Amino acid sequence: MPARLPSWAWVTGLTTGAIAAVVVLAVQADQGAKPTAATTRPSASATADAKPSAEPEEKKPVTVPADSGTGRRIVYSLGQKRVWLVDASDAARRSFAVWPGTVSPDPGTYAIGKRTEATTGSDGVPVEHIMYFAQKSGVFVAFSNAVDGSSPPPADPGVQTGGIRIAKPDGKALWTFGTAGTAVRVVE
């Protein structure tokens with residue numbers, strides 16, 4: 001009479017086979033086509049009665065501000081409400097619009113300090129990819145994106161907030177680029 005395998009051996013064998021099948025499917029899915037998101041958004045200054053121009057507005061590249069330093073860094077322009085991720089060769093790898101809070105950091109050079117995966121913003125919105133880099137008037141200034149991808153409502157001018165919100169795909173890119181110690185150059 002043939003030897004009978006114990007039930008734990010069958011369960012272990014089936015579990016191992018199922019895990020192997022899931023790994024194979026995950027590898028195949030990772031190698032497939034991936035959706036891409038647009039990296040530009042309409043300008044906040046667009047109006048309903050805007051007249052067409054000779055050149056499409058979004059086709060013009062947004063250059064890194066000249067007074068933003070050199071080397072690998074994050075550049076944040078207060079006036080343009082825009083961030084650039086600049087590599088060590090001074091090439092902008094990504095640029096995107098932001099929604100600043102009511103407290104802005106002074107122009108200067110800072111560094112990414114504390115990084116928090118997720119929390120709730122001072123406006124009650126769940127946020128992720130929080131990267132603190134400055135403090136002004138007792139308010140911490142940090143980049144973050146809303147978990148649901150929404151843009152923040154206009155800030156109540158009476159409430160001091162230092163969150164600089166960004167779109168969800170940009171938040172993920174900034175989180176990957178801006179490790180602790182990464183320079184942040186704030187310009188006018």
# chains A, B, ... in the order shown; residues from 1 in each chain; ligands from 1
>>> residues_around(residues="region 82-96 of chain A", least_positions_apart="2", cutoff="7 Å", atoms="only C-alpha atoms", output="number ranges by chain")
A: 39-40, 64, 70-77, 80, 98
>>> closest_atom_pairs(of="region 46-137 of chain A", to="region 164-168 of chain A", cutoff="7 Å", atoms="only C-alpha atoms", output="Markdown table")
| residue | atom | partner | partner_atom | distance |
| --- | --- | --- | --- | --- |
| A:Val98 | CA | A:Ile166 | CA | 4.9 |
| A:Trp99 | CA | A:Arg165 | CA | 5.0 |
| A:Pro100 | CA | A:Ile164 | CA | 4.3 |
| A:Gly101 | CA | A:Ile164 | CA | 5.6 |
>>> write_last_selection(atoms="all heavy atoms", output="PDB file, in the first residue's frame")
ATOM      1  N   VAL A  98       1.587  74.176  -7.639  1.00  0.00           N
ATOM      2  CA  VAL A  98       1.261  73.844  -6.255  1.00  0.00           C
ATOM      3  C   VAL A  98       0.206  74.807  -5.731  1.00  0.00           C
ATOM      4  O   VAL A  98      -0.026  75.864  -6.309  1.00  0.00           O
ATOM      5  CB  VAL A  98       2.514  73.896  -5.340  1.00  0.00           C
ATOM      6  CG1 VAL A  98       3.557  72.898  -5.805  1.00  0.00           C
ATOM      7  CG2 VAL A  98       3.100  75.286  -5.282  1.00  0.00           C
ATOM      8  N   TRP A  99      -0.419  74.431  -4.617  1.00  0.00           N
ATOM      9  CA  TRP A  99      -1.379  75.279  -3.928  1.00  0.00           C
ATOM     10  C   TRP A  99      -0.808  75.584  -2.550  1.00  0.00           C
ATOM     11  O   TRP A  99      -0.882  74.742  -1.649  1.00  0.00           O
ATOM     12  CB  TRP A  99      -2.722  74.566  -3.778  1.00  0.00           C
ATOM     13  CG  TRP A  99      -3.355  74.206  -5.075  1.00  0.00           C
ATOM     14  CD1 TRP A  99      -4.102  75.006  -5.875  1.00  0.00           C
ATOM     15  CD2 TRP A  99      -3.332  72.922  -5.722  1.00  0.00           C
ATOM     16  NE1 TRP A  99      -4.523  74.316  -6.981  1.00  0.00           N
ATOM     17  CE2 TRP A  99      -4.065  73.035  -6.912  1.00  0.00           C
ATOM     18  CE3 TRP A  99      -2.732  71.696  -5.416  1.00  0.00           C
ATOM     19  CZ2 TRP A  99      -4.235  71.971  -7.790  1.00  0.00           C
ATOM     20  CZ3 TRP A  99      -2.896  70.640  -6.295  1.00  0.00           C
ATOM     21  CH2 TRP A  99      -3.649  70.783  -7.460  1.00  0.00           C
ATOM     22  N   PRO A 100      -0.208  76.756  -2.358  1.00  0.00           N
ATOM     23  CA  PRO A 100       0.424  77.057  -1.063  1.00  0.00           C
ATOM     24  C   PRO A 100      -0.598  77.352   0.026  1.00  0.00           C
ATOM     25  O   PRO A 100      -1.728  77.763  -0.249  1.00  0.00           O
ATOM     26  CB  PRO A 100       1.271  78.294  -1.360  1.00  0.00           C
ATOM     27  CG  PRO A 100       0.647  78.914  -2.555  1.00  0.00           C
ATOM     28  CD  PRO A 100      -0.025  77.816  -3.334  1.00  0.00           C
ATOM     29  N   GLY A 101      -0.163  77.147   1.272  1.00  0.00           N
ATOM     30  CA  GLY A 101      -0.975  77.501   2.426  1.00  0.00           C
ATOM     31  C   GLY A 101      -0.891  79.002   2.660  1.00  0.00           C
ATOM     32  O   GLY A 101      -0.415  79.766   1.808  1.00  0.00           O
TER      33      GLY A 101
END
>>> atom_distance(atom1="CA of Gln160 (chain A)", atom2="CA of Ala134 (chain A)")
14.2 Å
>>> residues_around(residues="region 175-185 of chain A", least_positions_apart="4", cutoff="7 Å", atoms="only C-alpha atoms", output="count of residues only")
14
>>> atom_distance(atom1="CA of Glu128 (chain A)", atom2="CA of Thr161 (chain A)")
15.9 Å
>>> closest_residue(among="A:Ala118, A:Val127, A:Ala66, A:Ala142", to="Ser104 (chain A)", atoms="only C-alpha atoms")
A:Ala142
>>> atom_distance(atom1="CA of Asp170 (chain A)", atom2="CA of Pro152 (chain A)")
14.9 Å
>>> residues_around(residues="Ser122 (chain A)", least_positions_apart="2", cutoff="10 Å", atoms="only C-alpha atoms", output="VMD selection string")
chain A and resid 119 to 120 124 to 127 159 to 163
>>> closest_residue(among="A:Val139, A:Ile130, A:Val62, A:Val147", to="Pro169 (chain A)", atoms="only C-alpha atoms")
A:Val147
